[in-house]
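Colleague: If you scroll down you'll find the structure; I have some questions about it.
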Amino acid sequence: MADAIVTCAEVVRTFPSSDGTENRVLRGLDLEVQRGECVVIIGPSGCGKSTLLNILAGFDKPNSGTVTVAGNPVKGPGPDRAVVFQDYALLPWLTTLENVAVGLRIRGMRKKERLARAQQYLDIVGLGHVADREVYRLSGGMQQRVSIARALALEPSILLMDEPFGALDAIQRGIMHKELTRIRRETESTVLFITHSLEEAVYLGDRVIALSHGTAGAPTEVAVPLAYPRDPLSDEFTEIMRQVRALLPEEH
Amino acid sequence: MKPGLARRLLLGSVLPIALVAAWSLSSILELIPRTSLPAPWKVVEAFGTWIFGTGSGPYDGTWIEAICASGGRVLLGFSVALVLGVVLGVLAGYFRPFGELVDPFVQMLRPIPSTAWVPLTLVFFGFGFQGAVFLIALGAFFPIFLNTMEGIRGVTGSLTRVGRMLGSNTFQLLRHFVVPASLPNIFIGIRLSVGLSWVLVVVAEMLSVRAGIGYTLMDAYSMGRYDVIISAMITLGLLGFLSDRLVVIIQNSVLKWHRETSIQNG
């Protein structure tokens, strides 16, 4: 399709395993993510979902296959593919605002300009009022929102989110789900989201994709045609949850 | 005043006061011959003359001069060690081949006591300022180098990933991510080295240089002026203490984040 932001074709990634054999995590994966879409990837541990994200981010290289983002082959990490890490990975020696601005600083943007843009994205994630606060004093949920603002400030082609809410408690996670939905609507971001929570997947995704160990070709997927706000207790929601669960092996 | 501070001051001053009291008592009762250990008030008098004296005595009014001489050597020697230690430590910690090249060599030199370098120092730099600075720079280099290198190696992978993701080149990665994250370790090295610098300046001055607190100390020994010796020791203690406080103050302001995110304050 013409408007695909991410295109993975026949991506193979193997790791040497401890018994000397090859651990074939991805065996020729095909995947497309369209502009403005939120694709959620689920699957059991070791199924290659983090490997896929690392390949897209440029932290890891496939053994073979092609990976392009916005038409450009992925050669290494870069600000066009902004990663939101599970552990936030903020810089405690900078203020909240400076944390959001740090990528712009590296890009060489002038101080006034970059701080203004950082403030704008802090406002978007609802943290405009804590711009001057020490970032380590913020709660986990707020720190993750700073990390999202830092990613958004890069104005990337895609946001890569690696279990970003995994370290949060249930209440904070619920707030973040609503926040991310709102932010996505406001910024029209394209998102690839990794989780092991089925409910999170169905709540956030336009499509939910299930990787199994050694996925070859196009993985199984379920479309989520529900309007926002989604109600996890509704019949439609639970029906889609059931379909998604059916994609996974028994033990999940 | 914080409630804990009065208590800390009180408890902290018990042992020093006890020492001076015992010393005074032994002087009054002449438990130790006054020729070996002058009375506290004699030391105070000699110290006063050393600082403020305008007479023609050998030490009269030379205190500031001696401090400046020693302090200048410490400052320069330490600065050389700081620059070399941090730069080489960062490079050796970050670039594996460079580390493999430099680290074994440094580990071979490190066990040689700084004092063992004195004869060669004299041969190469002579009796003077340069020799003292060399000795200080050499001794103070190792703690800064090692702690910097270990700090850089301990930086978490997720931090370098963030740096790369944000588009940093290698210099930017070091400048904005890796080095700031290593600053707590770098400061450990700095603190150790500042203390060491004062030790080494005294060594250099006792053995070869003809000015400074260490020189005064040795000169007073040859003249039998034990009151001046003790004054010089107190001066060195004070200088060491003050320079350490200065480092701690800088550290606390630079590393506010580290203090407040570390375990004991968490």
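How things are named: the first chain in the structure tokens is A, the next is B, and so on; residues count from 1 in each chain; ligands count from 1 in the order shown.
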When the cut-off is 9 Å and we count only C-alpha atoms, which residues of chain A are near chain B, given as a ChimeraX atom specification?
Modeller: /A:57-59,76-85,87,89-94,102-104,106-107,134,136-137,151,154
Colleague: Write to file, as a compact mmCIF listing (two decimals), in the first residue's frame, the residues of the selection just made, with N, CA and C atoms.
Modeller:
# COMPACT_ATOMS: atom_id res chain seq x y z
N ALA A 57 13.91 -0.11 15.54
CA ALA A 57 14.59 1.03 16.17
C ALA A 57 16.02 1.17 15.66
N GLY A 58 16.56 0.10 15.11
CA GLY A 58 17.94 0.13 14.63
C GLY A 58 18.95 -0.31 15.66
N PHE A 59 18.47 -0.83 16.80
CA PHE A 59 19.40 -1.32 17.82
C PHE A 59 19.92 -2.71 17.45
N GLY A 76 20.32 2.14 11.34
CA GLY A 76 20.77 2.26 12.72
C GLY A 76 19.74 3.09 13.46
N PRO A 77 19.97 3.34 14.75
CA PRO A 77 19.00 4.13 15.50
C PRO A 77 18.91 5.55 14.95
N GLY A 78 17.76 6.17 15.08
CA GLY A 78 17.63 7.55 14.63
C GLY A 78 16.33 8.16 15.08
N PRO A 79 16.28 9.50 15.10
CA PRO A 79 15.12 10.20 15.67
C PRO A 79 13.86 10.10 14.84
N ASP A 80 13.91 9.50 13.63
CA ASP A 80 12.67 9.31 12.88
C ASP A 80 11.88 8.12 13.44
N ARG A 81 12.53 7.30 14.29
CA ARG A 81 11.84 6.18 14.94
C ARG A 81 12.03 6.33 16.44
N ALA A 82 11.12 7.05 17.08
CA ALA A 82 11.30 7.38 18.49
C ALA A 82 10.85 6.21 19.36
N VAL A 83 11.72 5.82 20.28
CA VAL A 83 11.43 4.68 21.14
C VAL A 83 10.99 5.19 22.52
N VAL A 84 9.93 4.58 23.04
CA VAL A 84 9.54 4.83 24.43
C VAL A 84 9.87 3.55 25.19
N PHE A 85 10.79 3.68 26.15
CA PHE A 85 11.31 2.51 26.84
C PHE A 85 10.46 2.19 28.08
N ASP A 87 11.58 1.38 30.97
CA ASP A 87 12.16 1.99 32.17
C ASP A 87 12.33 3.51 32.02
N ALA A 89 14.02 5.67 30.93
CA ALA A 89 15.35 6.10 30.50
C ALA A 89 15.44 7.61 30.36
N LEU A 90 15.00 8.32 31.40
CA LEU A 90 15.14 9.78 31.42
C LEU A 90 16.49 10.15 32.00
N LEU A 91 16.89 11.40 31.85
CA LEU A 91 18.19 11.85 32.34
C LEU A 91 17.97 12.64 33.63
N PRO A 92 18.31 12.06 34.78
CA PRO A 92 17.96 12.69 36.05
C PRO A 92 18.68 14.02 36.31
N TRP A 93 19.76 14.29 35.56
CA TRP A 93 20.48 15.55 35.79
C TRP A 93 19.85 16.71 35.03
N LEU A 94 18.83 16.44 34.23
CA LEU A 94 18.15 17.51 33.51
C LEU A 94 16.76 17.72 34.11
N VAL A 102 16.02 17.37 24.89
CA VAL A 102 17.40 16.90 24.68
C VAL A 102 17.64 16.41 23.25
N GLY A 103 16.64 15.77 22.68
CA GLY A 103 16.80 15.29 21.30
C GLY A 103 16.91 16.45 20.31
N LEU A 104 16.20 17.53 20.61
CA LEU A 104 16.24 18.71 19.74
C LEU A 104 17.58 19.41 19.87
N ILE A 106 20.38 17.87 20.46
CA ILE A 106 21.32 17.08 19.67
C ILE A 106 21.17 17.38 18.19
N ARG A 107 19.94 17.68 17.79
CA ARG A 107 19.69 18.03 16.39
C ARG A 107 20.26 19.41 16.06
N GLU A 134 12.35 18.65 38.98
CA GLU A 134 13.32 17.58 38.78
C GLU A 134 12.55 16.36 38.28
N TYR A 136 13.17 13.25 38.36
CA TYR A 136 13.11 12.05 39.20
C TYR A 136 12.12 12.19 40.34
N ARG A 137 11.60 13.39 40.53
CA ARG A 137 10.59 13.57 41.57
C ARG A 137 9.18 13.22 41.09
N ALA A 151 9.76 11.67 22.95
CA ALA A 151 9.66 10.98 21.67
C ALA A 151 8.86 11.80 20.66
N LEU A 154 10.43 14.80 18.79
CA LEU A 154 11.29 14.51 17.63
C LEU A 154 10.47 14.55 16.34
Colleague: So which bits of segment 3-244 of chain A end up strand (DSSP E) when you DSSP the backbone, as a PyMOL selection string?
Modeller: chain A and resi 4-16+22-34+38-42+64-69+72-73+81-84+158-162+191-194+207-210+215-217+220-223
Colleague: Can you list, as a list in words, every protein, DNA or RNA residue that comes within 12 Å of Glu45 of chain B when you count only C-alpha atoms, leaving out same-chain residues fewer than 6 positions away?
Modeller: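 Selected residues are Pro38, Ala39, Ile51, Phe52, Gly53, Asp60, Asp227, Val228, Ile230 and Ser231 of chain B.
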Colleague: Would you write out those residues with C-alpha atoms, as a PDB file, in the first residue's frame?
Modeller:
ATOM      1  CA  PRO B  38      55.918  21.755  73.395  1.00  0.00           C
ATOM      2  CA  ALA B  39      52.895  22.877  75.402  1.00  0.00           C
ATOM      3  CA  ILE B  51      51.104  33.709  60.497  1.00  0.00           C
ATOM      4  CA  PHE B  52      51.305  37.301  61.734  1.00  0.00           C
ATOM      5  CA  GLY B  53      54.902  37.744  62.907  1.00  0.00           C
ATOM      6  CA  ASP B  60      57.966  35.037  61.056  1.00  0.00           C
ATOM      7  CA  ASP B 227      56.109  24.073  67.921  1.00  0.00           C
ATOM      8  CA  VAL B 228      56.421  24.997  64.229  1.00  0.00           C
ATOM      9  CA  ILE B 230      52.875  20.950  64.974  1.00  0.00           C
ATOM     10  CA  SER B 231      51.654  24.245  63.495  1.00  0.00           C
TER      11      SER B 231
END
Colleague: Find the residues around segment 199-206 of chain B up to 12 Å (only C-alpha atoms counted), leave out those fewer than 6 positions away in its own chain, and share them as a ChimeraX atom specification.
Modeller: /B:66-67,69-78,113-119,121-122,125-140,192-193,212-222,232-233,235-237,239-240
Colleague: Might you pull out every residue within 9 Å of segment 245-250 of chain A, with only C-alpha atoms counted and same-chain residues fewer than 2 positions away left off, and present them as a PyMOL selection string?
Modeller: chain A and resi 42-44+198+209-212+220-222+240-243+252
Colleague: Output C-alpha atoms for every residue in that selection, as a PDB file, in the first residue's frame.
Modeller:
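Wrote again_26.pdb, looks like this:
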ATOM      1  CA  ILE A  42       1.469  -9.500  21.503  1.00  0.00           C
ATOM      2  CA  GLY A  43       2.912 -12.933  21.970  1.00  0.00           C
ATOM      3  CA  PRO A  44       4.560 -15.174  24.555  1.00  0.00           C
ATOM      4  CA  LEU A 198      -4.465  -8.657  25.928  1.00  0.00           C
ATOM      5  CA  ILE A 209      -0.880  -8.853  15.800  1.00  0.00           C
ATOM      6  CA  ALA A 210       0.207 -12.063  17.468  1.00  0.00           C
ATOM      7  CA  LEU A 211       3.732 -13.341  16.996  1.00  0.00           C
ATOM      8  CA  SER A 212       4.459 -16.948  17.753  1.00  0.00           C
ATOM      9  CA  THR A 220      -2.055 -13.710  12.472  1.00  0.00           C
ATOM     10  CA  GLU A 221      -3.994 -10.599  13.397  1.00  0.00           C
ATOM     11  CA  VAL A 222      -7.320  -9.257  14.606  1.00  0.00           C
ATOM     12  CA  ILE A 240     -12.513  -9.183  20.339  1.00  0.00           C
ATOM     13  CA  MET A 241     -10.535 -10.195  23.428  1.00  0.00           C
ATOM     14  CA  ARG A 242     -11.739 -13.753  22.778  1.00  0.00           C
ATOM     15  CA  GLN A 243     -10.593 -13.602  19.146  1.00  0.00           C
ATOM     16  CA  HIS A 252      -0.629 -17.634  27.443  1.00  0.00           C
TER      17      HIS A 252
END
Colleague: Per DSSP on the backbone, filter segment 78-245 of chain B down to the residues in alpha helix (DSSP H) and report them as a VMD selection string.
Modeller: chain B and resid 78 to 94 96 to 109 118 to 125 129 to 153 157 to 165 170 to 173 179 to 207 213 to 222 226 to 245
Colleague: Using only C-alpha atoms, determine which residues lie at most 12 Å from Ser24 of chain B, disregarding the query and same-chain residues fewer than 2 positions distant; provide the list as JSON, numbers by chain.
Modeller: {"B": [17, 18, 19, 20, 21, 22, 26, 27, 28, 29, 30, 31, 32, 34, 37, 38, 39, 40, 41, 42, 43]}
Colleague: In Å, with one decimal, what is the gap from atom CA of Ile148 of chain A to atom CA of Phe165 of chain A?
Modeller: 11.2 Å
Colleague: Set the distance at 9 Å and use only C-alpha atoms: which residues neighbour Leu84 of chain B once local chain neighbours fewer than 5 positions away are removed? I'd like the list as a list in words.
Modeller: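 The contact residues come out as Ser79, Gly89, Phe141, Ile144 and Phe145 of chain B.
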Colleague: Please produce an output containing C-alpha atoms for each residue in the selection, written as a JSON list (two decimals), in the first residue's frame.
Modeller:
[["chain", "number", "residue", "atom", "x", "y", "z"],
["B", 79, "SER", "CA", 44.49, 19.93, 37.51],
["B", 89, "GLY", "CA", 39.36, 7.38, 31.64],
["B", 141, "PHE", "CA", 45.98, 10.58, 38.11],
["B", 144, "ILE", "CA", 40.55, 9.72, 38.76],
["B", 145, "PHE", "CA", 41.41, 7.54, 35.78]]
Colleague: Mind pulling up the distance from atom CA of Arg184 of chain A to atom CA of Val6 of chain A?
Modeller: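 Distance reported for this atom pair: 17.3 Å.
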Colleague: Could you tell me how far atom CA of Gly36 of chain A sits from atom CA of Ser189 of chain A, in Å to one decimal place?
Modeller: 5.3 Å
